[in-house]
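S.K.: Enclosed is the structure file target-v9.cif (mmCIF, C-alpha atoms).
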```cif
data_start
loop_
_atom_site.label_atom_id
_atom_site.label_comp_id
_atom_site.auth_asym_id
_atom_site.auth_seq_id
_atom_site.Cartn_x
_atom_site.Cartn_y
_atom_site.Cartn_z
CA MET A 1 -3.43 24.33 8.07
CA VAL A 2 -4.31 27.91 8.90
CA THR A 3 -4.36 28.92 5.23
CA LEU A 4 -6.50 25.94 4.27
CA ASN A 5 -9.01 26.63 7.04
CA VAL A 6 -9.16 30.31 6.10
CA CYS A 7 -9.86 29.37 2.47
CA ALA A 8 -12.49 26.88 3.63
CA GLY A 9 -14.06 29.66 5.68
CA ALA A 10 -14.16 31.85 2.56
CA GLY A 11 -15.80 28.96 0.68
CA ASP A 12 -18.44 28.75 3.42
CA ILE A 13 -19.23 32.43 3.02
CA PHE A 14 -19.91 31.97 -0.71
CA GLU A 15 -21.77 28.67 -0.09
CA LEU A 16 -19.46 26.61 -2.31
CA LYS A 17 -19.95 23.16 -0.77
CA GLU A 18 -17.62 21.08 -2.99
CA ILE A 19 -14.64 23.39 -2.60
CA THR A 20 -15.20 23.82 1.12
CA SER A 21 -15.38 20.08 1.78
CA LEU A 22 -12.28 19.53 -0.39
CA LEU A 23 -10.30 22.14 1.54
CA ARG A 24 -11.43 20.70 4.87
CA ALA A 25 -10.38 17.20 3.77
CA VAL A 26 -6.92 18.42 2.76
CA ALA A 27 -6.64 20.31 6.06
CA LYS A 28 -7.31 17.02 7.88
CA ALA A 29 -4.44 15.35 6.00
CA VAL A 30 -2.14 18.24 6.92
CA GLU A 31 -3.32 17.89 10.52
CA LEU A 32 -2.10 14.28 10.47
CA ILE A 33 1.32 15.35 9.15
CA LEU A 34 1.54 17.90 11.95
CA ALA A 35 0.59 15.28 14.55
CA ILE A 36 3.31 12.90 13.33
CA VAL A 37 5.97 15.62 13.24
CA LEU A 38 5.02 16.81 16.74
CA CYS A 39 5.07 13.23 18.04
CA CYS A 40 8.64 12.70 16.76
CA LEU A 41 9.72 16.08 18.17
CA THR A 42 8.26 15.14 21.56
CA VAL A 43 10.09 11.78 21.56
CA LEU A 44 13.40 13.55 20.91
CA THR A 45 12.76 16.30 23.48
CA VAL A 46 11.42 14.08 26.27
CA SER A 47 14.23 11.55 25.92
CA THR A 48 16.95 14.22 25.97
CA ALA A 49 15.36 16.03 28.92
CA ILE A 50 15.13 12.79 30.90
CA VAL A 51 18.79 12.00 30.14
CA LEU A 52 19.81 15.44 31.40
CA LEU A 53 17.75 14.95 34.57
CA MET A 54 19.33 11.53 35.14
CA GLY A 55 22.63 13.35 35.96
CA LYS A 56 21.44 14.01 39.49
CA GLY A 57 21.94 10.37 40.41
CA GLY A 58 25.57 10.05 39.43
CA GLY A 59 27.17 11.51 42.50
CA MET B 1 60.92 42.02 56.09
CA LYS B 2 62.45 40.34 53.06
CA ARG B 3 60.43 37.19 53.73
CA MET B 4 57.25 39.22 54.03
CA VAL B 5 57.86 40.89 50.66
CA CYS B 6 58.52 37.51 49.01
CA LEU B 7 55.37 36.07 50.53
CA MET B 8 53.28 39.04 49.39
CA LEU B 9 54.74 38.76 45.86
CA ALA B 10 54.00 35.04 45.74
CA LEU B 11 50.42 35.61 46.89
CA PHE B 12 49.96 38.40 44.35
CA LEU B 13 51.22 36.24 41.46
CA LEU B 14 49.07 33.35 42.63
CA ALA B 15 45.98 35.56 42.76
CA ILE B 16 46.60 36.87 39.23
CA LEU B 17 47.76 33.74 37.45
CA ALA B 18 45.65 31.03 39.11
CA PRO B 19 42.29 31.91 37.49
CA ILE B 20 43.93 32.13 34.04
CA ALA B 21 45.61 28.75 34.46
CA ARG B 22 42.35 27.27 35.76
CA ALA B 23 40.27 28.67 32.89
CA GLU B 24 42.69 27.36 30.28
CA THR B 25 42.73 23.95 31.92
CA THR B 26 38.93 23.70 32.08
CA GLU B 27 38.48 24.72 28.44
CA ASP B 28 41.26 22.44 27.23
CA TYR B 29 39.87 19.58 29.27
CA TYR B 30 36.37 20.18 27.89
CA ALA B 31 37.67 20.35 24.29
CA GLU B 32 39.69 17.16 24.77
CA GLN B 33 36.69 15.32 26.20
CA MET B 34 34.51 16.62 23.38
CA GLU B 35 36.93 15.30 20.74
CA GLU B 36 37.41 11.93 22.39
CA SER B 37 33.72 11.28 23.07
CA GLY B 38 32.76 12.00 19.45
CA ALA B 39 30.56 14.95 20.44
CA ALA B 40 32.58 17.27 18.20
CA ASP B 41 31.39 15.36 15.11
CA LEU B 42 27.67 15.57 16.00
CA PRO B 43 26.92 18.78 14.02
CA GLU B 44 27.99 17.01 10.82
CA GLU B 45 25.15 14.51 11.28
CA LEU B 46 22.55 17.27 10.97
CA PRO B 47 20.85 18.30 7.69
CA MET B 48 22.53 21.24 5.94
CA GLU B 49 19.51 23.48 6.59
CA THR B 50 19.80 22.93 10.35
CA GLN B 51 23.58 23.39 10.30
CA ASN B 52 23.11 26.78 8.62
CA ALA B 53 20.45 27.80 11.17
CA LEU B 54 22.75 26.82 14.05
CA GLU B 55 25.66 28.73 12.51
CA GLU B 56 23.50 31.82 12.24
CA LEU B 57 22.78 31.46 15.95
CA GLY B 58 26.56 31.32 16.56
CA ILE B 59 26.68 27.61 17.43
CA ARG B 60 29.33 25.56 15.66
CA GLY B 61 29.47 22.60 18.01
CA THR B 62 28.55 21.35 21.46
CA ASP B 63 30.58 24.11 23.14
CA TRP B 64 28.77 25.11 26.36
CA GLN B 65 29.94 28.74 26.09
CA ALA B 66 28.30 29.18 22.67
CA LEU B 67 25.15 27.45 23.91
CA THR B 68 24.80 29.80 26.88
CA ALA B 69 25.47 32.84 24.68
CA ILE B 70 22.21 32.48 22.66
CA THR B 71 20.06 35.56 23.16
CA PRO B 72 16.25 35.63 22.83
CA GLU B 73 16.67 38.31 20.14
CA SER B 74 18.80 36.12 17.87
CA LEU B 75 16.58 33.09 18.48
CA PHE B 76 13.35 34.94 17.64
CA SER B 77 15.00 36.53 14.61
CA GLU B 78 16.04 33.11 13.30
CA ILE B 79 12.61 31.59 14.01
CA GLY B 80 10.87 34.54 12.32
CA GLY B 81 13.08 34.23 9.24
CA MET B 82 12.38 30.52 8.91
CA ALA B 83 8.62 31.06 9.39
CA GLU B 84 8.60 33.76 6.70
CA GLU B 85 10.44 31.48 4.29
CA SER B 86 8.09 28.55 4.96
CA ALA B 87 4.90 30.59 4.63
CA GLN B 88 5.64 32.12 1.22
CA GLY B 89 4.59 29.12 -0.93
CA PRO B 90 1.30 28.43 0.87
CA LEU B 91 0.32 32.11 0.81
CA GLN B 92 0.89 32.27 -2.95
CA ALA B 93 -1.25 29.16 -3.46
CA ALA B 94 -3.91 30.64 -1.13
CA THR B 95 -4.29 33.66 -3.41
CA SER B 96 -4.97 31.30 -6.35
CA VAL B 97 -7.57 29.41 -4.28
CA ILE B 98 -9.30 32.64 -3.26
CA ALA B 99 -9.34 33.77 -6.90
CA VAL B 100 -11.06 30.48 -7.88
CA LEU B 101 -13.53 30.94 -5.01
CA LEU B 102 -14.40 34.46 -6.18
CA LEU B 103 -14.88 33.30 -9.78
CA CYS B 104 -17.16 30.46 -8.66
CA ALA B 105 -19.14 32.84 -6.43
CA LEU B 106 -19.50 35.27 -9.36
CA CYS B 107 -20.75 32.52 -11.69
CA ASN B 108 -23.20 31.28 -9.04
CA GLY B 109 -24.45 34.82 -8.49
CA MET B 110 -25.16 35.35 -12.20
CA LYS B 111 -27.65 32.42 -12.17
CA LEU B 112 -26.43 31.12 -15.52
CA SER B 113 -27.88 27.93 -16.95
CA LEU B 114 -26.65 25.18 -19.26
CA GLY B 115 -29.72 24.13 -21.25
CA ASP B 116 -32.45 23.33 -18.70
CA LYS B 117 -30.01 22.81 -15.80
CA PRO B 118 -28.45 25.56 -13.67
CA LEU B 119 -24.70 26.06 -14.11
CA GLY B 120 -24.02 26.15 -10.34
CA GLY B 121 -23.28 22.41 -9.99
CA VAL B 122 -20.91 22.36 -12.95
CA ILE B 123 -19.12 25.50 -11.75
CA GLY B 124 -18.74 23.99 -8.27
CA MET B 125 -17.17 20.82 -9.70
CA VAL B 126 -14.84 22.76 -12.03
CA GLY B 127 -13.84 25.04 -9.15
CA ALA B 128 -13.15 22.03 -6.91
CA LEU B 129 -10.90 20.50 -9.57
CA CYS B 130 -9.05 23.82 -10.01
CA VAL B 131 -8.52 24.07 -6.26
CA CYS B 132 -7.43 20.43 -6.25
CA THR B 133 -4.68 21.07 -8.81
CA THR B 134 -3.52 24.13 -6.86
CA VAL B 135 -3.47 22.50 -3.44
CA VAL B 136 -2.47 18.86 -3.98
CA GLY B 137 1.06 19.52 -5.31
CA PRO B 138 2.26 21.58 -2.32
CA VAL B 139 0.59 19.18 0.15
CA VAL B 140 2.33 16.14 -1.39
CA ALA B 141 5.62 18.07 -1.27
CA CYS B 142 4.90 18.86 2.39
CA ILE B 143 4.33 15.15 3.13
CA GLU B 144 7.65 14.25 1.48
CA HIS B 145 9.46 17.03 3.34
CA ALA B 146 7.96 15.88 6.64
CA ALA B 147 9.13 12.30 5.97
CA GLN B 148 12.65 13.55 5.14
CA VAL B 149 12.70 15.63 8.33
CA VAL B 150 11.57 12.70 10.47
CA GLN B 151 14.21 10.47 8.88
CA ALA B 152 16.93 13.12 9.40
CA ALA B 153 15.89 13.47 13.04
CA ALA B 154 16.03 9.69 13.51
CA GLY B 155 19.51 9.67 11.93
CA PHE B 156 20.67 12.41 14.30
CA LEU B 157 19.15 10.49 17.23
CA LEU B 158 21.03 7.34 16.21
CA ALA B 159 24.28 9.35 16.03
CA CYS B 160 23.67 11.19 19.29
CA VAL B 161 22.60 8.27 21.50
CA PRO B 162 25.93 6.33 21.50
CA VAL B 163 27.84 9.56 22.24
CA LEU B 164 25.57 10.45 25.15
CA ALA B 165 25.62 6.87 26.45
CA GLY B 166 29.45 6.88 26.37
CA ILE B 167 29.57 10.18 28.25
CA MET B 168 27.10 8.85 30.83
CA LEU B 169 29.25 5.76 31.24
CA ALA B 170 32.32 7.95 31.82
CA ALA B 171 30.34 10.06 34.29
CA GLY B 172 29.67 7.00 36.43
CA GLN B 173 26.13 6.25 35.26
CA PRO B 174 26.43 2.77 33.73
CA ALA B 175 22.87 1.66 34.50
CA SER B 176 21.31 4.84 33.07
CA ALA B 177 23.55 4.65 30.01
CA GLY B 178 22.55 1.03 29.33
CA SER B 179 18.80 1.58 29.60
CA TYR B 180 18.91 4.86 27.65
CA ASN B 181 21.02 3.36 24.88
CA LEU B 182 18.75 0.33 24.51
CA LEU B 183 15.49 2.30 24.45
CA MET B 184 16.60 5.16 22.24
CA MET B 185 18.37 3.01 19.67
CA ALA B 186 15.16 0.97 19.35
CA VAL B 187 13.03 4.11 19.01
CA GLY B 188 15.41 5.69 16.49
CA ASN B 189 15.41 2.59 14.31
CA VAL B 190 11.61 2.18 14.47
CA ILE B 191 11.02 5.85 13.54
CA SER B 192 13.52 5.63 10.70
CA ILE B 193 11.96 2.47 9.22
CA LEU B 194 8.37 3.73 9.63
CA SER B 195 9.10 7.12 8.09
CA ALA B 196 10.84 5.51 5.12
CA SER B 197 8.32 2.77 4.41
CA ILE B 198 4.88 3.77 5.72
CA LEU B 199 4.64 7.53 6.27
CA VAL B 200 4.77 8.85 2.68
CA PRO B 201 2.61 6.20 0.95
CA GLY B 202 0.14 6.05 3.85
CA LEU B 203 -0.42 9.81 3.97
CA ASN B 204 -0.61 10.08 0.16
CA ILE B 205 -3.30 7.36 0.09
CA TYR B 206 -5.20 9.11 2.88
CA LEU B 207 -5.00 12.42 0.99
CA ALA B 208 -6.29 10.79 -2.20
CA LEU B 209 -9.20 9.10 -0.40
CA SER B 210 -10.10 12.36 1.37
CA ILE B 211 -10.13 14.32 -1.90
CA VAL B 212 -12.24 11.70 -3.72
CA SER B 213 -14.65 11.57 -0.79
CA ALA B 214 -14.96 15.37 -0.75
CA ILE B 215 -15.38 15.86 -4.52
CA SER B 216 -17.83 13.05 -5.18
CA PRO B 217 -20.16 12.38 -2.25
CA GLY B 218 -21.55 9.41 -4.25
CA VAL B 219 -18.37 7.49 -3.44
CA ASN B 220 -18.84 7.39 0.31
CA LEU B 221 -15.30 7.20 1.71
CA GLY B 222 -15.83 9.71 4.52
CA GLY B 223 -16.22 6.99 7.15
CA ILE B 224 -12.95 5.28 6.19
CA CYS B 225 -11.09 8.60 6.21
CA ASN B 226 -12.46 9.56 9.63
CA ALA B 227 -11.60 6.11 11.01
CA PHE B 228 -8.02 6.33 9.64
CA HIS B 229 -7.63 9.84 11.12
CA LYS B 230 -8.80 8.72 14.56
CA VAL B 231 -6.75 5.51 14.53
CA VAL B 232 -3.51 7.35 13.66
CA LYS B 233 -4.09 9.92 16.41
CA TRP B 234 -4.88 7.25 19.02
CA VAL B 235 -1.87 5.15 18.03
CA LEU B 236 0.44 8.16 18.25
CA GLY B 237 -0.95 9.12 21.67
CA PHE B 238 -0.67 5.54 22.94
CA CYS B 239 2.93 5.15 21.70
CA MET B 240 3.94 8.45 23.28
CA THR B 241 2.39 7.49 26.62
CA VAL B 242 4.06 4.06 26.65
CA PHE B 243 7.43 5.51 25.62
CA ALA B 244 7.39 8.33 28.20
CA GLY B 245 6.24 5.93 30.94
CA LEU B 246 8.88 3.33 30.13
CA LEU B 247 11.67 5.90 29.95
CA THR B 248 10.57 7.45 33.26
CA VAL B 249 10.48 4.07 35.05
CA HIS B 250 13.90 3.15 33.65
CA SER B 251 15.38 6.51 34.62
CA ILE B 252 14.03 6.32 38.20
CA VAL B 253 15.46 2.85 38.83
CA ALA B 254 18.74 3.39 36.95
CA SER B 255 19.45 6.74 38.59
CA SER B 256 19.07 5.17 42.07
CA MET B 257 21.47 2.38 41.08
CA ASP B 258 24.00 4.89 39.76
CA GLU B 259 23.76 7.00 42.90
CA THR B 260 24.46 3.96 45.07
CA THR B 261 27.39 2.91 42.87
CA ALA B 262 28.93 6.40 42.90
CA LYS B 263 28.63 6.70 46.69
CA ALA B 264 30.10 3.22 47.19
CA ALA B 265 33.05 4.08 44.88
CA LYS B 266 33.72 7.29 46.80
CA PHE B 267 33.51 5.42 50.12
CA VAL B 268 35.93 2.74 48.92
CA VAL B 269 38.46 5.29 47.64
CA SER B 270 38.18 7.49 50.78
CA SER B 271 38.42 4.59 53.23
CA PHE B 272 40.86 2.11 51.72
CA VAL B 273 43.47 4.39 50.12
CA PRO B 274 45.77 5.55 52.92
CA VAL B 275 46.65 9.24 53.50
CA VAL B 276 45.30 10.67 50.20
CA GLY B 277 42.04 8.70 50.15
CA SER B 278 39.83 11.65 51.00
CA ALA B 279 41.53 13.86 48.41
CA LEU B 280 41.16 11.13 45.79
CA GLY B 281 37.46 10.80 46.62
CA ASP B 282 36.99 14.54 46.07
CA ALA B 283 39.02 14.37 42.85
CA LEU B 284 36.75 11.57 41.63
CA GLN B 285 33.73 13.80 42.17
CA THR B 286 35.43 16.68 40.38
CA VAL B 287 36.21 14.55 37.32
CA THR B 288 32.63 13.28 37.31
CA GLY B 289 31.41 16.88 37.45
CA CYS B 290 33.54 17.82 34.41
CA VAL B 291 32.15 14.92 32.40
CA LYS B 292 28.63 15.92 33.43
CA LEU B 293 29.31 19.41 32.09
CA LEU B 294 30.07 17.81 28.73
CA LYS B 295 26.88 15.74 29.00
CA SER B 296 24.83 18.88 29.66
CA GLY B 297 26.44 20.58 26.65
CA VAL B 298 25.72 17.65 24.34
CA GLY B 299 22.16 17.32 25.69
CA ALA B 300 21.42 21.02 25.24
CA PHE B 301 22.86 20.91 21.73
CA GLY B 302 20.67 17.88 20.96
CA LEU B 303 17.54 19.67 22.20
CA LEU B 304 18.27 22.80 20.18
CA ALA B 305 19.24 20.85 17.05
CA GLY B 306 16.09 18.68 17.34
CA ALA B 307 13.88 21.76 17.61
CA LEU B 308 15.55 23.37 14.59
CA ILE B 309 15.31 20.17 12.51
CA PHE B 310 11.54 20.02 13.00
CA TYR B 311 10.75 23.73 13.01
CA PRO B 312 10.59 24.36 9.21
CA SER B 313 8.31 21.36 8.68
CA PHE B 314 6.14 22.32 11.66
CA CYS B 315 5.94 25.89 10.44
CA SER B 316 5.07 24.85 6.91
CA ALA B 317 2.31 22.47 8.10
CA CYS B 318 0.93 24.84 10.71
CA SER B 319 0.94 28.25 9.02
CA GLY B 320 0.38 27.19 5.45
CA TRP B 321 0.51 23.50 4.67
#
```
Output the structure of this file as structure tokens.

M.R.:
Amino acid sequence: MVTLNVCAGAGDIFELKEITSLLRAVAKAVELILAIVLCCLTVLTVSTAIVLLMGKGGG
Amino acid sequence: MKRMVCLMLALFLLAILAPIARAETTEDYYAEQMEESGAADLPEELPMETQNALEELGIRGTDWQALTAITPESLFSEIGGMAEESAQGPLQAATSVIAVLLLCALCNGMKLSLGDKPLGGVIGMVGALCVCTTVVGPVVACIEHAAQVVQAAAGFLLACVPVLAGIMLAAGQPASAGSYNLLMMAVGNVISILSASILVPGLNIYLALSIVSAISPGVNLGGICNAFHKVVKWVLGFCMTVFAGLLTVHSIVASSMDETTAKAAKFVVSSFVPVVGSALGDALQTVTGCVKLLKSGVGAFGLLAGALIFYPSFCSACSGW
């Protein structure tokens, strides 16, 4: 995502509209992948953390 | 005098040998519980890449001593190594993209013309197609890798949940174990099915629509792409909120039920067993504490393994693509 946005920034400097819009579109798709991966990571982390905290109630 | 010497000798031997005997017993007991609960087999459910990363950190199982021996230095070294490995491909492709950008800028600057028309538009289109061929391959590979990672994580979750639920049951938390098992098995299955059937084709279609929309503004697909982007983000946020809320409500209620059950069991043992009732009640708590140590070890291992499963994919999507 960082690389794509940097390249899009370079495209902006040289006023290359087609390439810039293409790179920004691909960056958006990568952003979606990142969101899905982070969502799954959060599900795993939150559930495990809650299970560990549940131990207080056992005695 | 003789009795005093014997007593002193006995106390001395007790002071020296007791901690050794205790340490051996605790470790043996932990290892036995780990084998019987199935926690010892959990590392084998991880992808090979994650197993190697854990081995480099010195973790070969759910052993609590290895888990507490991780140093920030080794962790940052491992994370840095993985980030460096993930960023190499995208950086190489970025140099190609920048080269295409410079060539296009050079051609635009020379004000060349093709017949009556300026060459700028043609050069822009050719440059966009060159960039497209450079970028699309790695991004599609990244989508496939992300789907594999999500599926591997769901597989690990499905292997880890029954083990943790069994340990919770043994630790005297039947209500918590039941609700956790039910919720997490459902979530693991849903994630696994979605990642296998929807994630890869859906994201590939979105990528294709985005590229077409960007290259040819005449085909106006920008609205659809933006709508899809927003819908996916909102759905993910909504699902996370519902899941976290449901799990929190379940854990609050179930943990109160377990606390009441544990206290009632201790009261029954202490009150109704004659002579040794109190000692048995304390022993019950000690056994529960040992099982909870195993639960903490398995939970910590699960957290660390989960982070290491996702880290390469996260790193590849965040730093490069």

S.K.: Is it possible to get the residues within 12 Å of (16.4, 19.5, 32.5) (coordinates as in the file, counting only C-alpha atoms) written as a list in words?

M.R.: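 Counting only C-alpha atoms, I find these residues within 12 Å of (16.4, 19.5, 32.5): Thr45, Val46, Ser47, Thr48, Ala49, Ile50, Val51, Leu52, Leu53, Met54, Gly55 and Lys56 of chain A; Lys295, Ser296, Gly297, Gly299, Ala300 and Leu303 of chain B.
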
S.K.: Applied to the shown file, which residues does the PyMOL selection byres ((chain B and resi 162) around 10) return, written as a PyMOL selection string?

M.R.: chain B and resi 37-39+157-161+163-168+177+180-182+184-185

S.K.: When you draw a straight line from atom CA of B:Ile98 to atom CA of B:Glu144, how long is it in Å?

M.R.: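 Atom CA of B:Glu144 lies at a distance of 25.5 Å from atom CA of B:Ile98.
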
S.K.: Please write the residues picked by the PyMOL selection byres ((chain B and resi 135-142) around 10) on this file as a PyMOL selection string.

M.R.: (chain A and resi 4+22-23+26-27+29-30+33) or (chain B and resi 89-90+93-94+96-97+129-134+143-148+200+203-204+207-208+211+313-314+316-317+320-321)

S.K.: What separation in Å, quoted to one decimal, exists between atom CA of B:Gly172 and atom CA of B:Glu259?

M.R.: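 About the pair atom CA of B:Gly172 and atom CA of B:Glu259: they are 8.8 Å apart.
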
S.K.: Check what the PyMOL selection byres ((chain B and resi 47-57) around 7) selects in the file above and give those residues as number ranges by chain.

M.R.: B: 43, 45-46, 58-60, 70, 74-75, 152, 308-309

S.K.: In Å, how far is it from atom CA of B:Cys315 to atom CA of B:Ser86?

M.R.: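 Atom CA of B:Cys315 sits 6.5 Å away from atom CA of B:Ser86.
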
S.K.: Using only C-alpha atoms, can you tell me which of B:Leu169, B:Cys290, B:Ile215, B:Val150 comes closest to B:Gly124?

M.R.: B:Ile215

S.K.: Restricting the calculation to all atoms listed in the file: of B:Gly81, B:Pro312, B:Gly306, B:Gly178, which residue gets closest to chain A?

M.R.: B:Gly306

S.K.: Do a neighbour search on A:Glu18 at 12 Å with only C-alpha atoms, toss out local chain neighbours closer than 2 positions, and write the hits as a PyMOL selection string.

M.R.: (chain A and resi 8+11-12+14-16+20-25) or (chain B and resi 101+104+120-132+211-217)

S.K.: If the box runs along x, y and z of the file and leaves 6 Å on each side of stretch 146-156 of chain B, what are its centre and edge lengths in Å, one decimal, as lines of an AutoDock Vina configuration file?

M.R.:
```
center_x = 14.3
center_y = 12.8
center_z = 9.7
size_x = 24.7
size_y = 18.2
size_z = 21.2
```

S.K.: For a cutoff of 10 Å around the file-coordinate point (-0.5, 12.9, 14.2), which residues qualify once you count only C-alpha atoms? I'd like the result as a ChimeraX atom specification.

M.R.: /A:29-40 /B:229-237

S.K.: Do you know which residues are at most 8 Å from stretch 218-226 of chain B counting all atoms listed in the file, after dropping those on the same chain fewer than 6 positions away, and could you put them as a PyMOL selection string?

M.R.: chain B and resi 206+209-210+212

S.K.: Rank B:Val291, B:Met34, B:Ala196, B:Ala307 by their smallest atom-to-atom distance to chain A, using all atoms listed in the file, and report the top residue only.

M.R.: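 The closest residue to chain A is B:Ala307.
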